[in-house]
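For reference, the structure discussed in these notes is given below.
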Amino acid sequence: MGLTTPDAPPVDAETFESLPLSERIRAVVLHWVDCGFGSPKLFHIIYILKLAVLYIGVGVTLATLTSGIGAPWQVAQWWNEPIVFQKLVLWTFLLETIGVAGSWGPLAGKFKPMTGGCLFWLRPGTIRMPPWPGKVPGTNGFNRTVFDVVLYALLLIALFVPIILPGVTGSTVAAGSPEDLGNLVSPPLLFVPLVLLVIMGLRDKVIFIAARAEQYGPAVLIFGLVPFLGNGLVDMIIMLKLLIFSVWVGAGVSKIGKHFSFVIPPMISNAPIIPGKAIRRLHYRNYPDDVRPSHLASGIGHVLGTLVEIVTPLVLLLSTDWTLALAGTLLMILFHGFITSTFPLAVPLEWNLLFMYIAGFLFLGHPNGDGYGLGDASSPWLIVATLACLFFFPVLGNLRPDLVAFTPSMRQYAGNWASALWAFQPGAEDKLNAVNRPTKNQVDQLQEMEFPRVAAEITMLQTAGWRSMHSQGRGLFSLLYHHVNDVDRATIREAEFSCNSLLGFNFGDGHLHNHHLIAELQRRCQFEPGEFVVAWVESQPIHKSTQDYMVIDAAVGIVERGTWNVADCVKEQPWLPNGPIPLNVTWRDPHYTPASRAAVTSMESAPQSAGAQKPESAVRHHDLTTESALQDAAERD
């Protein structure tokens with residue numbers, strides 16, 4: 001890997017595209033094991049400069065100089081001041097809402113230009129995604145209007161104004177607060193962006209999710225409630241501790257299960273700080289034959305991940321011992337610092353840096369033993385009500401993931417995601433150029449950056465290979481083998497990346513590219529039957545062992561629904577050497593016939609790896625009831 005040149009898979013570019021899909025996936029997966037995405041070092045330098053200059057440099061300068069608390073470099077004077085904390089949260093909130101924080105740049109599939117977000121959301125005619133189409137008055141349609149653009153612009157202004165305005169005297173804002181509290185952001189200013197965000201979110205869930213409203217929104221609401229709290233600043237700090245506690249514990253609980261172990265190896269492989277191939281390969285069972293997670297990877301995931309994210313926050317929340325608070329805070333800072341250093345594909349770098357600061361501000365700057373513990377709240381009912389509100393969506397989202405996006409469910413990097421793969425017949429992807437947007441398909445962006453066409457295609461296949469390394473990828477590719485005509489010649493795209501070029505944002509949330517988006521793309525692009533087929537899967541509910549999938553033909557709609565057992569996914573290799581995993585079909589459009597079993601037959605007749613057994617049945621059919629058909633038809637309407 002060079003400064004400006006990527007580390008490409010070692011394949012013959014002239015013959016690579018003629019290989020069967022399974023062989024191409026195996027090639028890019030084995031390359032990912034050793035090199036990750038193979039990004040040029042320049043990409044990482046760009047991200048580091050963005051963090052240093054825009055996020056930290058500009059953010060800290062604005063937060064300190066407008067608060068009257070020392071200069072930006074006088075950290076000792078401002079690091080535990082509430083107004084600086086408030087403004088840094090608002091600054092991060094603003095950058096996320098603009099689209100220059102998480103899901104930004106080439107690691108998120110934004111090559112040219114590197115910014116999506118505001119370039120899409122300030123442009124009438126682009127696609128917006130209402131969360132409940134046709135069910136909330138005033139939110140119908142998928143076309144961004146001038147009203148949406150104005151509403152979004154007002155939201156940005158409403159977030160920026162509290163950052164640059166001086167604060168008001170804290171003792172006049174917060175009842176029971178000390179006279180020397182200093183300043184706080186004026187509470188009335190904080191309700192304006194919240195109201196605008198709710199209205200905006202009802203019209204476009206993309207912006208709501210991009211803004212990380214499930215985390216920054218409650219923080220800003222808590223800031224605004226300070227005048228109404230019985231113990232002012234103390235109650236505010238305690239509620240903020242409960243907020244970060246809910247994020248950490250919710251994320252830790254979501255990692256329990258079979259999915260998270262599959263996140264660790266590709267994340268480690270993509271980390272530029274990991275020296276050499278040998279350490280990367282330790283996280284796989286037996287490279288190159290078996291690239292499932294090794295015991296080391298599973299241990300890292302469930303000890304340094306799951307256990308740390310559940311136990312440490314409990315200690316920080318409940319203990320009044322300064323030594324434990326210091327140790328726990330440093331552990332969580334290291335935890336977020338490690339995630340930042342891996343440059344995960346959604347690149348939530350600002351979010352991780354903010355949480356490192358929040359941990360220090362809350363638990364070291366305002367320790368439990370100094371009057372900021374749960375027992376110091378003005379009322380125990382405040383604790384109960386706060387926890388109930390904060391855990392409502394994580395609990396609901398884990399029980400009914402179809403109702404709650406994965407970020408409000410606190411499944412930030414759990415591996416248990418709604419996700420999809422897109423399959424285009426040759427040339428059909430070009431029809432997406434009919435979509436009004438400020439960018440192009442990523443393969444075209446790469447070619448404009450002087451990538452040869454084949455190199456651009458290989459780069460895009462690497463993202464599909466990355467998906468195959470995760471548990472749900474095995475099921476998604478199995479669906480493609482059953483439903484895509486001549487799948488070996490089809491153009492395969494990882495949906496999260498492709499969604500980025502159409503909506504301006506995606507952070508791993510399959511709900512942003514579900515059947516509603518595909519229907520809108522069909523309205524704009526007019527695909528023929530079979531030209532654009534989508535394999536889509538919902539997250540696994542915490543109390544079930546299966547995941548619900550659907551197959552969408554853009555020209556027809558949803559054509560099949562079913563389930564697969566997660567256990568069948570995790571025992572297979574990413575390239576499916578034993579053929580597709582077993583699928584349980586629960587409904588199929590009676591007028592629809594799967595494209596061809598040629599690819600499946602070819603895979604099933606291929607030589608099997610040592611000790612492997614073919615599945616007894618590639619597809620198992622349940623009764624296709626009239627009730628399920630009517631239910632699906634109603635949902636498509």
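In the structure tokens, chains take the letters A, B, ... in the order shown, each chain's residues start at 1, and ligands count up from 1 in the order shown.
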Give me the residues within 10 Å of A:Ile542 as a ChimeraX atom specification, counting only C-alpha atoms and dropping any in the same chain fewer than 3 places off. /A:253-254,256-257,395,397-401,416,539,545-546
Let me see the file: selected residues, C-alpha atoms, as a compact mmCIF listing (two decimals), in the first residue's frame.
```txt
# COMPACT_ATOMS: atom_id res chain seq x y z
CA VAL A 253 -26.05 -6.31 24.63
CA SER A 254 -26.53 -6.16 20.85
CA ILE A 256 -24.36 -11.00 22.26
CA GLY A 257 -24.94 -13.73 19.69
CA VAL A 395 -35.55 -2.82 23.69
CA GLY A 397 -35.53 -2.53 18.24
CA ASN A 398 -34.03 -5.77 19.49
CA LEU A 399 -37.44 -7.43 19.77
CA ARG A 400 -38.88 -5.96 16.55
CA PRO A 401 -35.98 -4.79 14.39
CA ASN A 416 -26.48 -7.83 13.26
CA SER A 539 -31.71 -7.89 11.56
CA SER A 545 -32.58 -17.85 15.77
CA THR A 546 -33.65 -16.77 12.28
```
Extract, using only C-alpha atoms, all DNA, RNA and protein residues at most 10 Å from A:Asp204, discarding same-chain residues fewer than 4 positions from it, and format them as an MDAnalysis selection string. chainID A and resid 121 127:132 139 142:144 148 197:200 208:209
Restricting the output to N, CA and C atoms, write the selected residues as a PDB file, in the first residue's frame.
```pdb
ATOM      1  N   TRP A 121     -29.178  17.103   0.217  1.00  0.00           N
ATOM      2  CA  TRP A 121     -30.329  17.555   0.996  1.00  0.00           C
ATOM      3  C   TRP A 121     -30.647  19.031   0.796  1.00  0.00           C
ATOM      4  N   ILE A 127     -33.937  12.212  -3.820  1.00  0.00           N
ATOM      5  CA  ILE A 127     -34.834  11.269  -3.143  1.00  0.00           C
ATOM      6  C   ILE A 127     -34.820  11.538  -1.645  1.00  0.00           C
ATOM      7  N   ARG A 128     -35.987  11.606  -1.065  1.00  0.00           N
ATOM      8  CA  ARG A 128     -36.103  11.590   0.392  1.00  0.00           C
ATOM      9  C   ARG A 128     -36.871  10.331   0.780  1.00  0.00           C
ATOM     10  N   MET A 129     -36.699   9.904   2.023  1.00  0.00           N
ATOM     11  CA  MET A 129     -37.279   8.637   2.471  1.00  0.00           C
ATOM     12  C   MET A 129     -38.133   8.865   3.712  1.00  0.00           C
ATOM     13  N   PRO A 130     -39.447   9.083   3.557  1.00  0.00           N
ATOM     14  CA  PRO A 130     -40.301   9.215   4.740  1.00  0.00           C
ATOM     15  C   PRO A 130     -40.330   7.903   5.516  1.00  0.00           C
ATOM     16  N   PRO A 131     -40.306   7.962   6.851  1.00  0.00           N
ATOM     17  CA  PRO A 131     -40.265   6.717   7.634  1.00  0.00           C
ATOM     18  C   PRO A 131     -41.538   5.895   7.546  1.00  0.00           C
ATOM     19  N   TRP A 132     -42.689   6.573   7.384  1.00  0.00           N
ATOM     20  CA  TRP A 132     -43.966   5.863   7.304  1.00  0.00           C
ATOM     21  C   TRP A 132     -44.735   6.379   6.091  1.00  0.00           C
ATOM     22  N   THR A 139     -46.455  13.999   4.716  1.00  0.00           N
ATOM     23  CA  THR A 139     -45.136  13.411   4.442  1.00  0.00           C
ATOM     24  C   THR A 139     -45.141  12.528   3.202  1.00  0.00           C
ATOM     25  N   PHE A 142     -41.707  10.769  -2.297  1.00  0.00           N
ATOM     26  CA  PHE A 142     -40.283  10.500  -2.106  1.00  0.00           C
ATOM     27  C   PHE A 142     -39.417  11.548  -2.791  1.00  0.00           C
ATOM     28  N   ASN A 143     -40.028  12.619  -3.250  1.00  0.00           N
ATOM     29  CA  ASN A 143     -39.295  13.661  -3.966  1.00  0.00           C
ATOM     30  C   ASN A 143     -39.015  14.826  -3.025  1.00  0.00           C
ATOM     31  N   ARG A 144     -37.748  15.261  -2.955  1.00  0.00           N
ATOM     32  CA  ARG A 144     -37.400  16.380  -2.088  1.00  0.00           C
ATOM     33  C   ARG A 144     -37.912  17.678  -2.704  1.00  0.00           C
ATOM     34  N   ASP A 148     -38.644  21.031   1.845  1.00  0.00           N
ATOM     35  CA  ASP A 148     -37.680  20.178   2.534  1.00  0.00           C
ATOM     36  C   ASP A 148     -36.310  20.842   2.605  1.00  0.00           C
ATOM     37  N   LEU A 197     -35.889  19.105  13.824  1.00  0.00           N
ATOM     38  CA  LEU A 197     -35.407  17.759  13.537  1.00  0.00           C
ATOM     39  C   LEU A 197     -36.554  16.757  13.491  1.00  0.00           C
ATOM     40  N   VAL A 198     -37.511  16.892  14.389  1.00  0.00           N
ATOM     41  CA  VAL A 198     -38.661  15.991  14.387  1.00  0.00           C
ATOM     42  C   VAL A 198     -39.471  16.165  13.106  1.00  0.00           C
ATOM     43  N   ILE A 199     -39.738  17.420  12.733  1.00  0.00           N
ATOM     44  CA  ILE A 199     -40.489  17.665  11.498  1.00  0.00           C
ATOM     45  C   ILE A 199     -39.726  17.129  10.298  1.00  0.00           C
ATOM     46  N   MET A 200     -38.417  17.401  10.261  1.00  0.00           N
ATOM     47  CA  MET A 200     -37.586  16.927   9.175  1.00  0.00           C
ATOM     48  C   MET A 200     -37.575  15.405   9.134  1.00  0.00           C
ATOM     49  N   PHE A 208     -32.586  12.316   9.599  1.00  0.00           N
ATOM     50  CA  PHE A 208     -32.757  12.045  11.029  1.00  0.00           C
ATOM     51  C   PHE A 208     -31.713  11.039  11.506  1.00  0.00           C
ATOM     52  N   ILE A 209     -31.501   9.978  10.732  1.00  0.00           N
ATOM     53  CA  ILE A 209     -30.523   8.960  11.111  1.00  0.00           C
ATOM     54  C   ILE A 209     -29.105   9.486  10.934  1.00  0.00           C
TER      55      ILE A 209
END
```
List every residue of stretch 171-351 of chain A that DSSP, applied to the backbone of this structure, assigns to strand (DSSP E or B), and report them as a PyMOL selection string. chain A and resi 183-184+284-286+290-293
Those residues you just picked out, can you put them in a file as an mmCIF file, in the first residue's frame with N, CA, C and O atoms?
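Saved as out-v3.cif:
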```cif
data_model
loop_
_atom_site.group_PDB
_atom_site.id
_atom_site.type_symbol
_atom_site.label_atom_id
_atom_site.label_comp_id
_atom_site.auth_asym_id
_atom_site.auth_seq_id
_atom_site.Cartn_x
_atom_site.Cartn_y
_atom_site.Cartn_z
ATOM 1 N N ASN A 183 -21.321 29.788 32.764
ATOM 2 C CA ASN A 183 -22.354 29.957 31.744
ATOM 3 C C ASN A 183 -22.875 28.619 31.242
ATOM 4 O O ASN A 183 -22.198 27.595 31.313
ATOM 5 N N LEU A 184 -24.095 28.683 30.691
ATOM 6 C CA LEU A 184 -24.694 27.556 29.985
ATOM 7 C C LEU A 184 -25.293 28.080 28.693
ATOM 8 O O LEU A 184 -25.613 29.273 28.575
ATOM 9 N N TYR A 284 -8.265 -15.303 11.861
ATOM 10 C CA TYR A 284 -9.022 -16.238 11.026
ATOM 11 C C TYR A 284 -8.598 -17.663 11.380
ATOM 12 O O TYR A 284 -7.452 -17.901 11.782
ATOM 13 N N ARG A 285 -9.490 -18.615 11.203
ATOM 14 C CA ARG A 285 -9.240 -19.978 11.705
ATOM 15 C C ARG A 285 -8.066 -20.665 11.017
ATOM 16 O O ARG A 285 -7.194 -21.224 11.662
ATOM 17 N N ASN A 286 -8.079 -20.631 9.685
ATOM 18 C CA ASN A 286 -7.031 -21.362 8.966
ATOM 19 C C ASN A 286 -6.893 -20.789 7.562
ATOM 20 O O ASN A 286 -7.320 -21.399 6.588
ATOM 21 N N ASP A 290 -10.039 -21.558 5.603
ATOM 22 C CA ASP A 290 -11.147 -21.275 6.525
ATOM 23 C C ASP A 290 -10.949 -19.870 7.098
ATOM 24 O O ASP A 290 -10.054 -19.647 7.914
ATOM 25 N N VAL A 291 -11.774 -18.916 6.644
ATOM 26 C CA VAL A 291 -11.617 -17.525 7.094
ATOM 27 C C VAL A 291 -12.744 -17.117 8.045
ATOM 28 O O VAL A 291 -13.047 -15.935 8.190
ATOM 29 N N ARG A 292 -13.339 -18.113 8.698
ATOM 30 C CA ARG A 292 -14.254 -17.774 9.778
ATOM 31 C C ARG A 292 -13.443 -17.255 10.967
ATOM 32 O O ARG A 292 -12.230 -17.472 11.047
ATOM 33 N N PRO A 293 -14.078 -16.556 11.915
ATOM 34 C CA PRO A 293 -13.323 -15.962 13.025
ATOM 35 C C PRO A 293 -12.601 -17.014 13.855
ATOM 36 O O PRO A 293 -13.153 -18.075 14.157
#
```
I'd like the neighbourhood of stretch 337-346 of chain A as a PyMOL selection string, where a residue qualifies if any of its atoms comes within 9 Å (using only C-alpha atoms), though same-chain residues fewer than 2 positions away should be ignored. chain A and resi 37+44+47+102-104+106-109+267-274+332-335+348-350+352-353+356+506-508
Requested write-out: N, CA, C and O atoms of the selected residues, as a CSV table (one decimal), in the first residue's frame:
```csv
chain,number,residue,atom,x,y,z
A,37,PHE,N,-9.4,-3.0,2.9
A,37,PHE,CA,-9.9,-2.4,1.7
A,37,PHE,C,-8.8,-2.0,0.7
A,37,PHE,O,-8.9,-1.7,-0.4
A,44,HIS,N,-6.3,7.9,4.7
A,44,HIS,CA,-6.3,8.0,6.1
A,44,HIS,C,-5.8,9.3,6.6
A,44,HIS,O,-6.2,9.9,7.6
A,47,TYR,N,-8.6,11.8,6.5
A,47,TYR,CA,-9.5,11.7,7.6
A,47,TYR,C,-8.9,12.3,8.9
A,47,TYR,O,-9.5,13.0,9.7
A,102,GLY,N,-19.7,11.2,10.2
A,102,GLY,CA,-19.8,9.8,9.9
A,102,GLY,C,-20.3,9.6,8.4
A,102,GLY,O,-21.0,10.5,7.9
A,103,SER,N,-19.9,8.5,7.9
A,103,SER,CA,-20.3,8.1,6.5
A,103,SER,C,-19.8,9.2,5.5
A,103,SER,O,-20.6,9.5,4.6
A,104,TRP,N,-18.6,9.7,5.7
A,104,TRP,CA,-18.0,10.7,4.8
A,104,TRP,C,-16.8,10.1,4.1
A,104,TRP,O,-16.1,9.3,4.7
A,106,PRO,N,-14.0,8.5,1.1
A,106,PRO,CA,-13.9,7.3,0.2
A,106,PRO,C,-14.1,6.0,1.0
A,106,PRO,O,-14.5,5.0,0.3
A,107,LEU,N,-13.8,5.9,2.3
A,107,LEU,CA,-14.1,4.6,3.0
A,107,LEU,C,-15.5,4.4,3.1
A,107,LEU,O,-15.9,3.2,3.5
A,108,ALA,N,-16.4,5.4,2.9
A,108,ALA,CA,-17.8,5.2,3.0
A,108,ALA,C,-18.4,5.2,1.6
A,108,ALA,O,-19.7,5.3,1.4
A,109,GLY,N,-17.6,5.0,0.5
A,109,GLY,CA,-18.1,5.0,-0.8
A,109,GLY,C,-18.4,6.3,-1.5
A,109,GLY,O,-19.0,6.4,-2.5
A,267,MET,N,-12.5,-6.1,10.4
A,267,MET,CA,-12.2,-4.7,11.0
A,267,MET,C,-10.7,-4.7,11.3
A,267,MET,O,-10.0,-3.7,11.0
A,268,ILE,N,-10.1,-5.7,11.9
A,268,ILE,CA,-8.7,-5.8,12.2
A,268,ILE,C,-7.9,-5.7,10.9
A,268,ILE,O,-6.9,-5.0,10.8
A,269,SER,N,-8.4,-6.5,9.9
A,269,SER,CA,-7.6,-6.5,8.6
A,269,SER,C,-7.6,-5.1,8.0
A,269,SER,O,-6.7,-4.8,7.2
A,270,ASN,N,-8.6,-4.3,8.2
A,270,ASN,CA,-8.7,-3.0,7.6
A,270,ASN,C,-8.0,-1.9,8.4
A,270,ASN,O,-7.9,-0.8,8.0
A,271,ALA,N,-7.5,-2.3,9.6
A,271,ALA,CA,-6.8,-1.3,10.5
A,271,ALA,C,-5.4,-1.0,10.0
A,271,ALA,O,-4.6,-1.9,10.0
A,272,PRO,N,-5.1,0.3,9.6
A,272,PRO,CA,-3.8,0.6,9.1
A,272,PRO,C,-2.7,0.5,10.2
A,272,PRO,O,-1.5,0.4,9.9
A,273,ILE,N,-3.1,0.5,11.5
A,273,ILE,CA,-2.1,0.4,12.6
A,273,ILE,C,-1.6,-1.0,12.8
A,273,ILE,O,-0.7,-1.2,13.5
A,274,ILE,N,-2.3,-2.0,12.2
A,274,ILE,CA,-1.9,-3.4,12.4
A,274,ILE,C,-0.7,-3.8,11.5
A,274,ILE,O,-0.9,-3.7,10.3
A,332,MET,N,-12.7,3.0,28.7
A,332,MET,CA,-13.6,3.3,27.7
A,332,MET,C,-13.0,4.3,26.6
A,332,MET,O,-13.3,4.3,25.5
A,333,ILE,N,-12.1,5.1,27.1
A,333,ILE,CA,-11.3,6.0,26.2
A,333,ILE,C,-10.5,5.2,25.2
A,333,ILE,O,-10.5,5.4,24.0
A,334,LEU,N,-9.8,4.2,25.8
A,334,LEU,CA,-9.0,3.3,24.9
A,334,LEU,C,-9.9,2.5,24.0
A,334,LEU,O,-9.6,2.2,22.8
A,335,PHE,N,-11.1,2.1,24.5
A,335,PHE,CA,-12.1,1.3,23.7
A,335,PHE,C,-12.4,2.1,22.4
A,335,PHE,O,-12.4,1.7,21.3
A,348,PRO,N,-17.2,6.4,11.6
A,348,PRO,CA,-17.8,7.3,12.7
A,348,PRO,C,-16.7,7.8,13.6
A,348,PRO,O,-16.8,7.6,14.8
A,349,LEU,N,-15.8,8.6,13.0
A,349,LEU,CA,-14.6,9.0,13.8
A,349,LEU,C,-14.9,10.1,14.8
A,349,LEU,O,-14.5,10.1,16.0
A,350,GLU,N,-15.7,11.1,14.3
A,350,GLU,CA,-16.0,12.2,15.2
A,350,GLU,C,-16.9,11.7,16.4
A,350,GLU,O,-16.7,12.1,17.6
A,352,ASN,N,-16.7,8.8,17.8
A,352,ASN,CA,-15.9,8.1,18.8
A,352,ASN,C,-15.0,9.1,19.6
A,352,ASN,O,-14.8,8.9,20.8
A,353,LEU,N,-14.5,10.1,18.9
A,353,LEU,CA,-13.7,11.1,19.7
A,353,LEU,C,-14.6,11.8,20.7
A,353,LEU,O,-14.1,12.1,21.8
A,356,MET,N,-15.0,9.7,23.7
A,356,MET,CA,-13.8,9.7,24.5
A,356,MET,C,-13.8,11.0,25.5
A,356,MET,O,-13.5,10.9,26.7
A,506,ASN,N,-25.4,6.6,4.2
A,506,ASN,CA,-25.8,5.4,4.8
A,506,ASN,C,-24.8,5.0,5.8
A,506,ASN,O,-23.6,5.1,5.6
A,507,PHE,N,-25.2,4.5,6.9
A,507,PHE,CA,-24.4,4.1,8.0
A,507,PHE,C,-24.7,2.7,8.4
A,507,PHE,O,-24.8,2.3,9.6
A,508,GLY,N,-24.8,1.8,7.4
A,508,GLY,CA,-25.1,0.4,7.7
A,508,GLY,C,-26.5,0.1,7.9
A,508,GLY,O,-26.8,-1.0,8.4
```
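Here atom CA of A:Ala13 and atom CA of A:Ala455 stand 7.3 Å from one another.
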Any chance you could tabulate, as JSON lines, the residues of stretch 534-582 of chain A at most 6 Å from stretch 460-476 of chain A with each one's nearest atom pair and distance in Å to one decimal, using only C-alpha atoms, in chain and rising number order?
```
{"residue": "A:Ala535", "atom": "CA", "partner": "A:Leu476", "partner_atom": "CA", "distance": 5.6}
{"residue": "A:Cys569", "atom": "CA", "partner": "A:Arg474", "partner_atom": "CA", "distance": 5.5}
{"residue": "A:Val570", "atom": "CA", "partner": "A:Ser471", "partner_atom": "CA", "distance": 5.5}
{"residue": "A:Pro574", "atom": "CA", "partner": "A:Ser468", "partner_atom": "CA", "distance": 4.9}
```
Which residues are near stretch 149-157 of chain A? Cut-off 12 Å, only C-alpha atoms, ignore same chain within fewer than 5 positions. Put them as a PyMOL selection string. chain A and resi 90-99+117-128+143-144+162-164+189-204+206-208+211
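For the pair atom CA of A:Val58 and atom CA of A:Gln215, the separation is 22.0 Å.
Shortest separation to A:Ala423 among A:Met410, A:Leu21, A:Ile46, A:Phe147 occurs at residue A:Leu21, atoms counted being only C-alpha atoms.
Separating atom CA of A:Ser67 from atom CA of A:Asn80 is a distance of 12.8 Å.
For the choices A:Leu503, A:Leu229, A:Met236, A:Val247, the atom-to-atom distance to A:Arg437 is smallest for A:Leu503 when using only C-alpha atoms.
With only C-alpha atoms as the atoms that count, the minimum distance from A:Ala420 to the choices A:Ala434, A:Ile552, A:Val347, A:Leu382 is reached by A:Ile552.
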